[in-house]
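Just entry_39.cif here, mmCIF, N, CA and C atoms:
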```
data_final
loop_
_atom_site.label_atom_id
_atom_site.label_comp_id
_atom_site.auth_asym_id
_atom_site.auth_seq_id
_atom_site.Cartn_x
_atom_site.Cartn_y
_atom_site.Cartn_z
N MET A 26 36.34 2.33 -35.22
CA MET A 26 37.19 3.07 -34.30
C MET A 26 38.44 2.23 -34.03
N LYS A 27 39.58 2.89 -33.93
CA LYS A 27 40.83 2.21 -33.58
C LYS A 27 40.98 2.25 -32.06
N LEU A 28 41.04 1.06 -31.46
CA LEU A 28 41.08 0.96 -30.01
C LEU A 28 42.33 0.23 -29.55
N ALA A 29 42.87 0.68 -28.42
CA ALA A 29 43.99 0.02 -27.75
C ALA A 29 43.46 -0.64 -26.49
N ILE A 30 43.95 -1.84 -26.19
CA ILE A 30 43.51 -2.53 -24.99
C ILE A 30 44.69 -3.23 -24.34
N GLY A 31 44.72 -3.18 -23.00
CA GLY A 31 45.78 -3.83 -22.27
C GLY A 31 45.27 -4.30 -20.92
N CYS A 32 45.99 -5.25 -20.34
CA CYS A 32 45.54 -5.81 -19.06
C CYS A 32 46.71 -6.42 -18.30
N ASP A 33 46.42 -6.82 -17.07
CA ASP A 33 47.34 -7.68 -16.34
C ASP A 33 46.73 -9.08 -16.32
N HIS A 34 47.38 -9.98 -15.61
CA HIS A 34 46.92 -11.37 -15.55
C HIS A 34 45.50 -11.50 -15.00
N GLY A 35 45.12 -10.62 -14.08
CA GLY A 35 43.78 -10.66 -13.50
C GLY A 35 42.69 -10.22 -14.45
N GLY A 36 43.06 -9.49 -15.49
CA GLY A 36 42.10 -9.01 -16.47
C GLY A 36 42.14 -9.75 -17.79
N PHE A 37 42.96 -10.80 -17.87
CA PHE A 37 43.18 -11.49 -19.15
C PHE A 37 41.89 -12.05 -19.76
N ASP A 38 41.09 -12.75 -18.98
CA ASP A 38 39.87 -13.36 -19.53
C ASP A 38 38.88 -12.30 -20.00
N LEU A 39 38.67 -11.25 -19.22
CA LEU A 39 37.76 -10.19 -19.61
C LEU A 39 38.27 -9.49 -20.86
N LYS A 40 39.57 -9.24 -20.92
CA LYS A 40 40.14 -8.60 -22.10
C LYS A 40 39.88 -9.43 -23.35
N THR A 41 40.07 -10.73 -23.26
CA THR A 41 39.85 -11.62 -24.40
C THR A 41 38.40 -11.54 -24.88
N ASP A 42 37.47 -11.53 -23.93
CA ASP A 42 36.04 -11.43 -24.27
C ASP A 42 35.72 -10.07 -24.90
N LEU A 43 36.29 -9.01 -24.36
CA LEU A 43 36.01 -7.67 -24.90
C LEU A 43 36.61 -7.48 -26.29
N ILE A 44 37.77 -8.04 -26.54
CA ILE A 44 38.36 -7.95 -27.87
C ILE A 44 37.44 -8.60 -28.90
N ALA A 45 36.96 -9.79 -28.59
CA ALA A 45 36.05 -10.48 -29.51
C ALA A 45 34.79 -9.64 -29.75
N HIS A 46 34.24 -9.06 -28.70
CA HIS A 46 33.05 -8.22 -28.79
C HIS A 46 33.30 -7.00 -29.67
N LEU A 47 34.43 -6.36 -29.48
CA LEU A 47 34.77 -5.16 -30.25
C LEU A 47 34.98 -5.48 -31.72
N LYS A 48 35.65 -6.58 -31.99
CA LYS A 48 35.89 -6.96 -33.39
C LYS A 48 34.59 -7.32 -34.09
N GLU A 49 33.66 -7.95 -33.36
CA GLU A 49 32.35 -8.27 -33.93
C GLU A 49 31.62 -6.99 -34.36
N GLN A 50 31.89 -5.90 -33.67
CA GLN A 50 31.25 -4.62 -33.98
C GLN A 50 32.01 -3.86 -35.07
N GLY A 51 33.11 -4.41 -35.54
CA GLY A 51 33.85 -3.78 -36.63
C GLY A 51 34.97 -2.85 -36.20
N HIS A 52 35.29 -2.82 -34.91
CA HIS A 52 36.38 -1.98 -34.42
C HIS A 52 37.73 -2.63 -34.72
N GLU A 53 38.73 -1.80 -34.95
CA GLU A 53 40.10 -2.27 -35.07
C GLU A 53 40.70 -2.24 -33.66
N VAL A 54 41.24 -3.37 -33.21
CA VAL A 54 41.72 -3.47 -31.83
C VAL A 54 43.18 -3.90 -31.81
N LYS A 55 43.99 -3.13 -31.10
CA LYS A 55 45.39 -3.47 -30.86
C LYS A 55 45.51 -3.99 -29.44
N ASP A 56 45.95 -5.23 -29.29
CA ASP A 56 46.12 -5.86 -27.98
C ASP A 56 47.56 -5.63 -27.51
N PHE A 57 47.70 -4.82 -26.47
CA PHE A 57 49.01 -4.52 -25.90
C PHE A 57 49.43 -5.53 -24.83
N GLY A 58 48.66 -6.59 -24.63
CA GLY A 58 48.99 -7.60 -23.64
C GLY A 58 48.34 -7.28 -22.30
N CYS A 59 48.58 -8.13 -21.36
CA CYS A 59 49.40 -9.32 -21.37
C CYS A 59 48.71 -10.42 -22.18
N TYR A 60 49.45 -11.49 -22.43
CA TYR A 60 48.97 -12.49 -23.37
C TYR A 60 48.67 -13.85 -22.74
N ASP A 61 48.74 -13.93 -21.43
CA ASP A 61 48.33 -15.14 -20.70
C ASP A 61 48.13 -14.77 -19.24
N LYS A 62 47.90 -15.76 -18.41
CA LYS A 62 47.57 -15.50 -17.01
C LYS A 62 48.78 -15.53 -16.07
N SER A 63 49.99 -15.50 -16.64
CA SER A 63 51.19 -15.45 -15.81
C SER A 63 51.24 -14.10 -15.10
N SER A 64 51.63 -14.10 -13.85
CA SER A 64 51.68 -12.88 -13.07
C SER A 64 52.66 -11.88 -13.69
N ILE A 65 52.17 -10.66 -13.87
CA ILE A 65 52.99 -9.58 -14.46
C ILE A 65 52.74 -8.29 -13.68
N ASP A 66 53.48 -7.27 -14.00
CA ASP A 66 53.29 -5.94 -13.41
C ASP A 66 52.49 -5.10 -14.40
N TYR A 67 51.27 -4.69 -14.00
CA TYR A 67 50.36 -4.01 -14.92
C TYR A 67 50.93 -2.74 -15.56
N PRO A 68 51.78 -1.94 -14.89
CA PRO A 68 52.28 -0.74 -15.58
C PRO A 68 53.03 -1.07 -16.88
N ASP A 69 53.64 -2.25 -16.94
CA ASP A 69 54.40 -2.63 -18.14
C ASP A 69 53.50 -2.74 -19.38
N TYR A 70 52.22 -2.96 -19.18
CA TYR A 70 51.27 -3.10 -20.29
C TYR A 70 50.35 -1.89 -20.42
N VAL A 71 50.09 -1.25 -19.30
CA VAL A 71 49.19 -0.09 -19.32
C VAL A 71 49.88 1.12 -19.95
N PHE A 72 51.13 1.37 -19.60
CA PHE A 72 51.81 2.54 -20.15
C PHE A 72 51.84 2.52 -21.68
N PRO A 73 52.24 1.43 -22.33
CA PRO A 73 52.21 1.43 -23.81
C PRO A 73 50.80 1.59 -24.38
N THR A 74 49.80 1.01 -23.71
CA THR A 74 48.42 1.16 -24.17
C THR A 74 48.02 2.62 -24.12
N ALA A 75 48.27 3.27 -22.99
CA ALA A 75 47.91 4.68 -22.82
C ALA A 75 48.73 5.59 -23.74
N GLU A 76 49.99 5.28 -23.94
CA GLU A 76 50.82 6.09 -24.84
C GLU A 76 50.29 6.02 -26.27
N GLY A 77 49.77 4.86 -26.68
CA GLY A 77 49.18 4.73 -28.01
C GLY A 77 47.98 5.63 -28.19
N VAL A 78 47.18 5.77 -27.12
CA VAL A 78 46.02 6.66 -27.17
C VAL A 78 46.47 8.12 -27.11
N ALA A 79 47.37 8.44 -26.21
CA ALA A 79 47.83 9.82 -26.05
C ALA A 79 48.50 10.34 -27.33
N SER A 80 49.16 9.47 -28.06
CA SER A 80 49.84 9.88 -29.29
C SER A 80 48.87 10.13 -30.44
N GLY A 81 47.64 9.63 -30.29
CA GLY A 81 46.66 9.77 -31.36
C GLY A 81 46.63 8.58 -32.31
N GLU A 82 47.52 7.63 -32.11
CA GLU A 82 47.52 6.44 -32.97
C GLU A 82 46.23 5.64 -32.81
N TYR A 83 45.69 5.66 -31.59
CA TYR A 83 44.42 4.97 -31.29
C TYR A 83 43.42 6.00 -30.80
N ASP A 84 42.15 5.80 -31.15
CA ASP A 84 41.10 6.75 -30.77
C ASP A 84 40.81 6.71 -29.28
N ARG A 85 40.76 5.52 -28.72
CA ARG A 85 40.48 5.35 -27.30
C ARG A 85 41.13 4.06 -26.81
N GLY A 86 41.12 3.90 -25.47
CA GLY A 86 41.75 2.72 -24.90
C GLY A 86 40.98 2.15 -23.73
N ILE A 87 41.23 0.86 -23.49
CA ILE A 87 40.61 0.11 -22.41
C ILE A 87 41.72 -0.62 -21.66
N VAL A 88 41.69 -0.54 -20.33
CA VAL A 88 42.64 -1.27 -19.51
C VAL A 88 41.89 -2.04 -18.42
N ILE A 89 42.44 -3.21 -18.06
CA ILE A 89 41.73 -4.10 -17.15
C ILE A 89 42.71 -4.76 -16.19
N CYS A 90 42.33 -4.81 -14.92
CA CYS A 90 43.01 -5.63 -13.94
C CYS A 90 41.94 -6.21 -13.02
N THR A 91 42.33 -6.77 -11.91
CA THR A 91 41.36 -7.41 -11.03
C THR A 91 40.35 -6.41 -10.48
N THR A 92 40.81 -5.25 -10.05
CA THR A 92 39.92 -4.23 -9.49
C THR A 92 39.70 -3.04 -10.43
N GLY A 93 40.59 -2.83 -11.36
CA GLY A 93 40.56 -1.66 -12.23
C GLY A 93 41.29 -0.47 -11.64
N ILE A 94 41.62 -0.54 -10.38
CA ILE A 94 42.23 0.60 -9.69
C ILE A 94 43.67 0.85 -10.17
N GLY A 95 44.49 -0.17 -10.12
CA GLY A 95 45.90 -0.01 -10.50
C GLY A 95 46.07 0.43 -11.94
N VAL A 96 45.28 -0.17 -12.84
CA VAL A 96 45.43 0.20 -14.25
C VAL A 96 44.93 1.61 -14.52
N SER A 97 43.89 2.04 -13.81
CA SER A 97 43.40 3.41 -14.03
C SER A 97 44.40 4.43 -13.50
N ILE A 98 44.99 4.15 -12.35
CA ILE A 98 46.02 5.05 -11.81
C ILE A 98 47.18 5.14 -12.79
N SER A 99 47.63 4.00 -13.29
CA SER A 99 48.77 3.98 -14.22
C SER A 99 48.46 4.73 -15.51
N ALA A 100 47.30 4.48 -16.08
CA ALA A 100 46.94 5.14 -17.34
C ALA A 100 46.92 6.66 -17.17
N ASN A 101 46.42 7.12 -16.04
CA ASN A 101 46.32 8.56 -15.80
C ASN A 101 47.67 9.23 -15.56
N LYS A 102 48.74 8.48 -15.45
CA LYS A 102 50.08 9.06 -15.33
C LYS A 102 50.62 9.49 -16.69
N VAL A 103 49.99 9.03 -17.76
CA VAL A 103 50.44 9.37 -19.11
C VAL A 103 49.78 10.68 -19.52
N HIS A 104 50.59 11.67 -19.89
CA HIS A 104 50.06 12.97 -20.30
C HIS A 104 49.07 12.82 -21.44
N GLY A 105 47.95 13.49 -21.29
CA GLY A 105 46.92 13.45 -22.33
C GLY A 105 45.85 12.40 -22.12
N ILE A 106 46.01 11.61 -21.08
CA ILE A 106 45.03 10.56 -20.82
C ILE A 106 44.06 11.00 -19.74
N ARG A 107 42.79 10.74 -20.00
CA ARG A 107 41.72 10.90 -19.01
C ARG A 107 41.03 9.54 -18.94
N CYS A 108 41.43 8.75 -17.96
CA CYS A 108 40.94 7.38 -17.80
C CYS A 108 40.03 7.31 -16.59
N ALA A 109 38.86 6.73 -16.78
CA ALA A 109 37.90 6.57 -15.68
C ALA A 109 37.69 5.10 -15.39
N LEU A 110 37.66 4.76 -14.13
CA LEU A 110 37.31 3.41 -13.68
C LEU A 110 35.79 3.31 -13.72
N ILE A 111 35.27 2.37 -14.49
CA ILE A 111 33.84 2.24 -14.72
C ILE A 111 33.30 0.99 -14.04
N SER A 112 32.19 1.15 -13.32
CA SER A 112 31.53 -0.02 -12.73
C SER A 112 30.02 0.03 -12.88
N ASP A 113 29.50 1.06 -13.57
CA ASP A 113 28.06 1.14 -13.80
C ASP A 113 27.78 1.90 -15.10
N GLU A 114 26.60 1.71 -15.62
CA GLU A 114 26.22 2.28 -16.91
C GLU A 114 26.16 3.81 -16.88
N TYR A 115 25.68 4.36 -15.78
CA TYR A 115 25.58 5.82 -15.66
C TYR A 115 26.97 6.45 -15.76
N SER A 116 27.93 5.89 -15.05
CA SER A 116 29.30 6.42 -15.10
C SER A 116 29.89 6.28 -16.50
N ALA A 117 29.58 5.19 -17.18
CA ALA A 117 30.07 4.99 -18.54
C ALA A 117 29.58 6.11 -19.45
N LYS A 118 28.34 6.49 -19.29
CA LYS A 118 27.75 7.58 -20.09
C LYS A 118 28.35 8.93 -19.70
N MET A 119 28.35 9.21 -18.43
CA MET A 119 28.75 10.54 -17.97
C MET A 119 30.24 10.82 -18.15
N THR A 120 31.07 9.80 -18.08
CA THR A 120 32.50 10.03 -18.23
C THR A 120 32.85 10.47 -19.65
N ARG A 121 32.02 10.10 -20.61
CA ARG A 121 32.19 10.62 -21.98
C ARG A 121 31.50 11.97 -22.11
N ASP A 122 30.26 12.04 -21.68
CA ASP A 122 29.44 13.24 -21.85
C ASP A 122 30.08 14.47 -21.19
N HIS A 123 30.56 14.32 -19.98
CA HIS A 123 31.10 15.46 -19.22
C HIS A 123 32.62 15.55 -19.24
N ASN A 124 33.31 14.41 -19.27
CA ASN A 124 34.76 14.40 -19.08
C ASN A 124 35.56 14.08 -20.34
N ASP A 125 34.88 13.71 -21.41
CA ASP A 125 35.55 13.39 -22.68
C ASP A 125 36.70 12.41 -22.45
N THR A 126 36.45 11.37 -21.66
CA THR A 126 37.50 10.40 -21.39
C THR A 126 37.93 9.71 -22.66
N ASN A 127 39.23 9.43 -22.73
CA ASN A 127 39.76 8.70 -23.87
C ASN A 127 40.19 7.28 -23.49
N MET A 128 40.05 6.94 -22.22
CA MET A 128 40.31 5.58 -21.76
C MET A 128 39.35 5.24 -20.63
N ILE A 129 39.06 3.94 -20.53
CA ILE A 129 38.32 3.45 -19.38
C ILE A 129 39.02 2.24 -18.81
N ALA A 130 38.73 1.99 -17.54
CA ALA A 130 39.30 0.85 -16.84
C ALA A 130 38.17 0.01 -16.26
N PHE A 131 38.39 -1.29 -16.30
CA PHE A 131 37.45 -2.24 -15.70
C PHE A 131 38.17 -3.10 -14.67
N GLY A 132 37.43 -3.50 -13.65
CA GLY A 132 37.90 -4.50 -12.70
C GLY A 132 37.24 -5.83 -13.03
N ALA A 133 38.03 -6.80 -13.41
CA ALA A 133 37.49 -8.09 -13.83
C ALA A 133 36.75 -8.80 -12.70
N ASN A 134 37.13 -8.53 -11.46
CA ASN A 134 36.43 -9.15 -10.33
C ASN A 134 35.33 -8.25 -9.76
N VAL A 135 35.10 -7.11 -10.42
CA VAL A 135 34.11 -6.15 -9.96
C VAL A 135 32.86 -6.18 -10.84
N THR A 136 33.02 -6.60 -12.09
CA THR A 136 31.90 -6.63 -13.02
C THR A 136 31.86 -7.96 -13.75
N THR A 137 30.75 -8.22 -14.38
CA THR A 137 30.63 -9.42 -15.22
C THR A 137 31.01 -9.05 -16.65
N THR A 138 31.26 -10.04 -17.45
CA THR A 138 31.55 -9.80 -18.86
C THR A 138 30.37 -9.15 -19.55
N VAL A 139 29.17 -9.62 -19.25
CA VAL A 139 27.97 -9.05 -19.87
C VAL A 139 27.85 -7.56 -19.54
N ARG A 140 28.00 -7.20 -18.29
CA ARG A 140 27.91 -5.78 -17.90
C ARG A 140 29.05 -4.97 -18.47
N ALA A 141 30.26 -5.53 -18.51
CA ALA A 141 31.40 -4.81 -19.08
C ALA A 141 31.14 -4.49 -20.55
N LYS A 142 30.58 -5.44 -21.29
CA LYS A 142 30.26 -5.19 -22.70
C LYS A 142 29.22 -4.08 -22.82
N GLU A 143 28.21 -4.11 -21.97
CA GLU A 143 27.17 -3.07 -22.00
C GLU A 143 27.76 -1.70 -21.69
N MET A 144 28.59 -1.62 -20.66
CA MET A 144 29.20 -0.35 -20.30
C MET A 144 30.15 0.14 -21.39
N LEU A 145 30.90 -0.78 -21.97
CA LEU A 145 31.82 -0.43 -23.05
C LEU A 145 31.06 0.13 -24.25
N ASP A 146 29.95 -0.50 -24.60
CA ASP A 146 29.14 -0.01 -25.73
C ASP A 146 28.60 1.39 -25.46
N ILE A 147 28.13 1.62 -24.25
CA ILE A 147 27.65 2.96 -23.88
C ILE A 147 28.77 3.97 -24.03
N TRP A 148 29.92 3.65 -23.47
CA TRP A 148 31.07 4.56 -23.50
C TRP A 148 31.53 4.86 -24.93
N LEU A 149 31.54 3.83 -25.77
CA LEU A 149 31.98 4.02 -27.16
C LEU A 149 31.01 4.86 -27.97
N ASN A 150 29.74 4.79 -27.64
CA ASN A 150 28.72 5.49 -28.43
C ASN A 150 28.31 6.84 -27.88
N GLU A 151 28.73 7.17 -26.68
CA GLU A 151 28.34 8.44 -26.06
C GLU A 151 29.27 9.56 -26.53
N PRO A 152 28.74 10.61 -27.10
CA PRO A 152 29.59 11.73 -27.51
C PRO A 152 29.91 12.64 -26.32
N PHE A 153 30.94 13.43 -26.48
CA PHE A 153 31.25 14.49 -25.52
C PHE A 153 30.26 15.61 -25.75
N SER A 154 29.70 16.17 -24.70
CA SER A 154 28.66 17.19 -24.84
C SER A 154 29.18 18.50 -25.41
N HIS A 155 30.47 18.76 -25.27
CA HIS A 155 31.08 20.01 -25.71
C HIS A 155 30.47 21.23 -25.02
N GLY A 156 29.84 21.00 -23.89
CA GLY A 156 29.30 22.12 -23.13
C GLY A 156 30.42 23.00 -22.63
N GLU A 157 30.15 24.28 -22.57
CA GLU A 157 31.18 25.24 -22.19
C GLU A 157 31.81 24.91 -20.84
N ARG A 158 30.99 24.59 -19.85
CA ARG A 158 31.55 24.32 -18.52
C ARG A 158 32.39 23.05 -18.50
N HIS A 159 31.98 22.05 -19.28
CA HIS A 159 32.74 20.80 -19.32
C HIS A 159 34.07 21.00 -20.04
N GLN A 160 34.05 21.71 -21.16
CA GLN A 160 35.29 21.98 -21.88
C GLN A 160 36.23 22.83 -21.05
N ARG A 161 35.70 23.80 -20.33
CA ARG A 161 36.52 24.66 -19.47
C ARG A 161 37.26 23.82 -18.43
N ARG A 162 36.60 22.85 -17.87
CA ARG A 162 37.21 21.99 -16.84
C ARG A 162 38.28 21.09 -17.44
N ILE A 163 38.00 20.56 -18.59
CA ILE A 163 38.99 19.72 -19.27
C ILE A 163 40.21 20.55 -19.64
N ASP A 164 39.99 21.77 -20.11
CA ASP A 164 41.10 22.67 -20.45
C ASP A 164 41.96 22.96 -19.22
N LYS A 165 41.35 23.12 -18.07
CA LYS A 165 42.11 23.36 -16.84
C LYS A 165 42.95 22.15 -16.47
N ILE A 166 42.40 20.97 -16.63
CA ILE A 166 43.16 19.74 -16.36
C ILE A 166 44.34 19.65 -17.30
N SER A 167 44.10 19.90 -18.58
CA SER A 167 45.18 19.81 -19.59
C SER A 167 46.26 20.85 -19.33
N ALA A 168 45.87 22.06 -18.96
CA ALA A 168 46.85 23.11 -18.66
C ALA A 168 47.69 22.73 -17.46
N TYR A 169 47.10 22.22 -16.43
CA TYR A 169 47.84 21.79 -15.24
C TYR A 169 48.82 20.68 -15.59
N GLU A 170 48.32 19.73 -16.37
CA GLU A 170 49.15 18.59 -16.76
C GLU A 170 50.41 19.04 -17.50
N LYS A 171 50.31 20.06 -18.32
CA LYS A 171 51.45 20.55 -19.10
C LYS A 171 52.50 21.20 -18.24
N THR A 172 52.13 21.66 -17.06
CA THR A 172 53.10 22.36 -16.20
C THR A 172 53.66 21.47 -15.09
N HIS A 173 53.20 20.26 -14.98
CA HIS A 173 53.67 19.38 -13.90
C HIS A 173 54.14 18.03 -14.40
#
```
Would you encode the structure as structure tokens?
Amino acid sequence: MKLAIGCDHGGFDLKTDLIAHLKEQGHEVKDFGCYDKSSIDYPDYVFPTAEGVASGEYDRGIVICTTGIGVSISANKVHGIRCALISDEYSAKMTRDHNDTNMIAFGANVTTTVRAKEMLDIWLNEPFSHGERHQRRIDKISAYEKTH
């Protein structure tokens, strides 16, 4: 799978660990930065990451900051992105199964690297259910997004 990943300074260490994990599994990973722990503004890195996913160049994306909140808000401003902030395995599964998310966000100070890898693996391997009610809801979100 072709994956895009981006972070701010607070998510740098977790991003580095997740990239190594993803590459070990054979995924192609594009690192959109940041590239060290110098303080930066997360939208500068999240927007290009999300745009890569929205354009179809990347299959899915991962964004990380200290809490995951700022990066998830930013990613969801990009048309075509459905980004969920993940902090447990059940949410990782359900956000794919019901919401067909194409991005997830992690808070580096909210989860451990071990749990983030577990949640990421669940999210990457969980298919969208394609259930009628779930698709109908996603279609409504997409239609609204196109008019606003």
Need the shell around range 146-159 of chain A: protein/DNA/RNA residues with any atom at most 7 Å away, counting only C-alpha atoms. Skip same-chain ones fewer than 2 positions apart. Format as a ChimeraX atom specification? /A:117-118,121-125,142-144,161-163
Polymer residues at most 6 Å from range 126-138 of chain A, only C-alpha atoms, same-chain spacing of 3 or more positions, as a PyMOL selection string: chain A and resi 36+85-93+97+107-111+120-121+141
Using all atoms listed in the file, which residues sit within 8 Å of Pro68 in chain A once same-chain residues fewer than 2 positions away are excluded, as a PyMOL selection string? chain A and resi 32-33+65-66+70-74+95-96+99-100
Quick one: everything within 12 Å of Val54 in chain A, counting only C-alpha atoms, minus sequence neighbours fewer than 2 positions away in the same chain. Send it as a PDB file with N, CA and C atoms, keeping the file's coordinate frame.
```pdb
ATOM      1  N   MET A  26      36.340   2.330 -35.220  1.00  0.00           N
ATOM      2  CA  MET A  26      37.190   3.070 -34.300  1.00  0.00           C
ATOM      3  C   MET A  26      38.440   2.230 -34.030  1.00  0.00           C
ATOM      4  N   LYS A  27      39.580   2.890 -33.930  1.00  0.00           N
ATOM      5  CA  LYS A  27      40.830   2.210 -33.580  1.00  0.00           C
ATOM      6  C   LYS A  27      40.980   2.250 -32.060  1.00  0.00           C
ATOM      7  N   LEU A  28      41.040   1.060 -31.460  1.00  0.00           N
ATOM      8  CA  LEU A  28      41.080   0.960 -30.010  1.00  0.00           C
ATOM      9  C   LEU A  28      42.330   0.230 -29.550  1.00  0.00           C
ATOM     10  N   ALA A  29      42.870   0.680 -28.420  1.00  0.00           N
ATOM     11  CA  ALA A  29      43.990   0.020 -27.750  1.00  0.00           C
ATOM     12  C   ALA A  29      43.460  -0.640 -26.490  1.00  0.00           C
ATOM     13  N   ILE A  30      43.950  -1.840 -26.190  1.00  0.00           N
ATOM     14  CA  ILE A  30      43.510  -2.530 -24.990  1.00  0.00           C
ATOM     15  C   ILE A  30      44.690  -3.230 -24.340  1.00  0.00           C
ATOM     16  N   GLY A  31      44.720  -3.180 -23.000  1.00  0.00           N
ATOM     17  CA  GLY A  31      45.780  -3.830 -22.270  1.00  0.00           C
ATOM     18  C   GLY A  31      45.270  -4.300 -20.920  1.00  0.00           C
ATOM     19  N   LYS A  40      39.570  -9.240 -20.920  1.00  0.00           N
ATOM     20  CA  LYS A  40      40.140  -8.600 -22.100  1.00  0.00           C
ATOM     21  C   LYS A  40      39.880  -9.430 -23.350  1.00  0.00           C
ATOM     22  N   THR A  41      40.070 -10.730 -23.260  1.00  0.00           N
ATOM     23  CA  THR A  41      39.850 -11.620 -24.400  1.00  0.00           C
ATOM     24  C   THR A  41      38.400 -11.540 -24.880  1.00  0.00           C
ATOM     25  N   LEU A  43      36.290  -9.010 -24.360  1.00  0.00           N
ATOM     26  CA  LEU A  43      36.010  -7.670 -24.900  1.00  0.00           C
ATOM     27  C   LEU A  43      36.610  -7.480 -26.290  1.00  0.00           C
ATOM     28  N   ILE A  44      37.770  -8.040 -26.540  1.00  0.00           N
ATOM     29  CA  ILE A  44      38.360  -7.950 -27.870  1.00  0.00           C
ATOM     30  C   ILE A  44      37.440  -8.600 -28.900  1.00  0.00           C
ATOM     31  N   ALA A  45      36.960  -9.790 -28.590  1.00  0.00           N
ATOM     32  CA  ALA A  45      36.050 -10.480 -29.510  1.00  0.00           C
ATOM     33  C   ALA A  45      34.790  -9.640 -29.750  1.00  0.00           C
ATOM     34  N   HIS A  46      34.240  -9.060 -28.700  1.00  0.00           N
ATOM     35  CA  HIS A  46      33.050  -8.220 -28.790  1.00  0.00           C
ATOM     36  C   HIS A  46      33.300  -7.000 -29.670  1.00  0.00           C
ATOM     37  N   LEU A  47      34.430  -6.360 -29.480  1.00  0.00           N
ATOM     38  CA  LEU A  47      34.770  -5.160 -30.250  1.00  0.00           C
ATOM     39  C   LEU A  47      34.980  -5.480 -31.720  1.00  0.00           C
ATOM     40  N   LYS A  48      35.650  -6.580 -31.990  1.00  0.00           N
ATOM     41  CA  LYS A  48      35.890  -6.960 -33.390  1.00  0.00           C
ATOM     42  C   LYS A  48      34.590  -7.320 -34.090  1.00  0.00           C
ATOM     43  N   GLU A  49      33.660  -7.950 -33.360  1.00  0.00           N
ATOM     44  CA  GLU A  49      32.350  -8.270 -33.930  1.00  0.00           C
ATOM     45  C   GLU A  49      31.620  -6.990 -34.360  1.00  0.00           C
ATOM     46  N   GLN A  50      31.890  -5.900 -33.670  1.00  0.00           N
ATOM     47  CA  GLN A  50      31.250  -4.620 -33.980  1.00  0.00           C
ATOM     48  C   GLN A  50      32.010  -3.860 -35.070  1.00  0.00           C
ATOM     49  N   GLY A  51      33.110  -4.410 -35.540  1.00  0.00           N
ATOM     50  CA  GLY A  51      33.850  -3.780 -36.630  1.00  0.00           C
ATOM     51  C   GLY A  51      34.970  -2.850 -36.200  1.00  0.00           C
ATOM     52  N   HIS A  52      35.290  -2.820 -34.910  1.00  0.00           N
ATOM     53  CA  HIS A  52      36.380  -1.980 -34.420  1.00  0.00           C
ATOM     54  C   HIS A  52      37.730  -2.630 -34.720  1.00  0.00           C
ATOM     55  N   ASP A  56      45.950  -5.230 -29.290  1.00  0.00           N
ATOM     56  CA  ASP A  56      46.120  -5.860 -27.980  1.00  0.00           C
ATOM     57  C   ASP A  56      47.560  -5.630 -27.510  1.00  0.00           C
ATOM     58  N   PHE A  57      47.700  -4.820 -26.470  1.00  0.00           N
ATOM     59  CA  PHE A  57      49.010  -4.520 -25.900  1.00  0.00           C
ATOM     60  C   PHE A  57      49.430  -5.530 -24.830  1.00  0.00           C
ATOM     61  N   GLY A  58      48.660  -6.590 -24.630  1.00  0.00           N
ATOM     62  CA  GLY A  58      48.990  -7.600 -23.640  1.00  0.00           C
ATOM     63  C   GLY A  58      48.340  -7.280 -22.300  1.00  0.00           C
ATOM     64  N   THR A  74      49.800   1.010 -23.710  1.00  0.00           N
ATOM     65  CA  THR A  74      48.420   1.160 -24.170  1.00  0.00           C
ATOM     66  C   THR A  74      48.020   2.620 -24.120  1.00  0.00           C
ATOM     67  N   GLY A  77      49.770   4.860 -26.680  1.00  0.00           N
ATOM     68  CA  GLY A  77      49.180   4.730 -28.010  1.00  0.00           C
ATOM     69  C   GLY A  77      47.980   5.630 -28.190  1.00  0.00           C
ATOM     70  N   VAL A  78      47.180   5.770 -27.120  1.00  0.00           N
ATOM     71  CA  VAL A  78      46.020   6.660 -27.170  1.00  0.00           C
ATOM     72  C   VAL A  78      46.470   8.120 -27.110  1.00  0.00           C
ATOM     73  N   GLU A  82      47.520   7.630 -32.110  1.00  0.00           N
ATOM     74  CA  GLU A  82      47.520   6.440 -32.970  1.00  0.00           C
ATOM     75  C   GLU A  82      46.230   5.640 -32.810  1.00  0.00           C
ATOM     76  N   TYR A  83      45.690   5.660 -31.590  1.00  0.00           N
ATOM     77  CA  TYR A  83      44.420   4.970 -31.290  1.00  0.00           C
ATOM     78  C   TYR A  83      43.420   6.000 -30.800  1.00  0.00           C
ATOM     79  N   ASP A  84      42.150   5.800 -31.150  1.00  0.00           N
ATOM     80  CA  ASP A  84      41.100   6.750 -30.770  1.00  0.00           C
ATOM     81  C   ASP A  84      40.810   6.710 -29.280  1.00  0.00           C
ATOM     82  N   ARG A  85      40.760   5.520 -28.720  1.00  0.00           N
ATOM     83  CA  ARG A  85      40.480   5.350 -27.300  1.00  0.00           C
ATOM     84  C   ARG A  85      41.130   4.060 -26.810  1.00  0.00           C
ATOM     85  N   GLY A  86      41.120   3.900 -25.470  1.00  0.00           N
ATOM     86  CA  GLY A  86      41.750   2.720 -24.900  1.00  0.00           C
ATOM     87  C   GLY A  86      40.980   2.150 -23.730  1.00  0.00           C
ATOM     88  N   ILE A  87      41.230   0.860 -23.490  1.00  0.00           N
ATOM     89  CA  ILE A  87      40.610   0.110 -22.410  1.00  0.00           C
ATOM     90  C   ILE A  87      41.720  -0.620 -21.660  1.00  0.00           C
TER      91      ILE A  87
END
```
In chain A, DSSP strand (DSSP E or B) residues written as a list in words: Lys27, Leu28, Ala29, Ile30, Gly31, Cys32, Glu53, Val54, Lys55, Asp56, Arg85, Gly86, Ile87, Val88, Ile89, Cys90, Cys108, Ala109, Leu110, Met128, Ile129, Ala130, Phe131 and Gly132 of chain A
When DSSP works through the backbone of this structure, what residues of range 65-140 of chain A end up as alpha helix (DSSP H), shown as number ranges by chain? A: 68-79, 94-100, 114-122, 138-140
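For His104 in chain A, the list of residues within 9 Å, based on only C-alpha atoms and with local chain neighbours fewer than 4 positions off taken out, reads Ala75, Glu76, Ala79, Ala100, Ser167, Glu170 and Lys171 of chain A.
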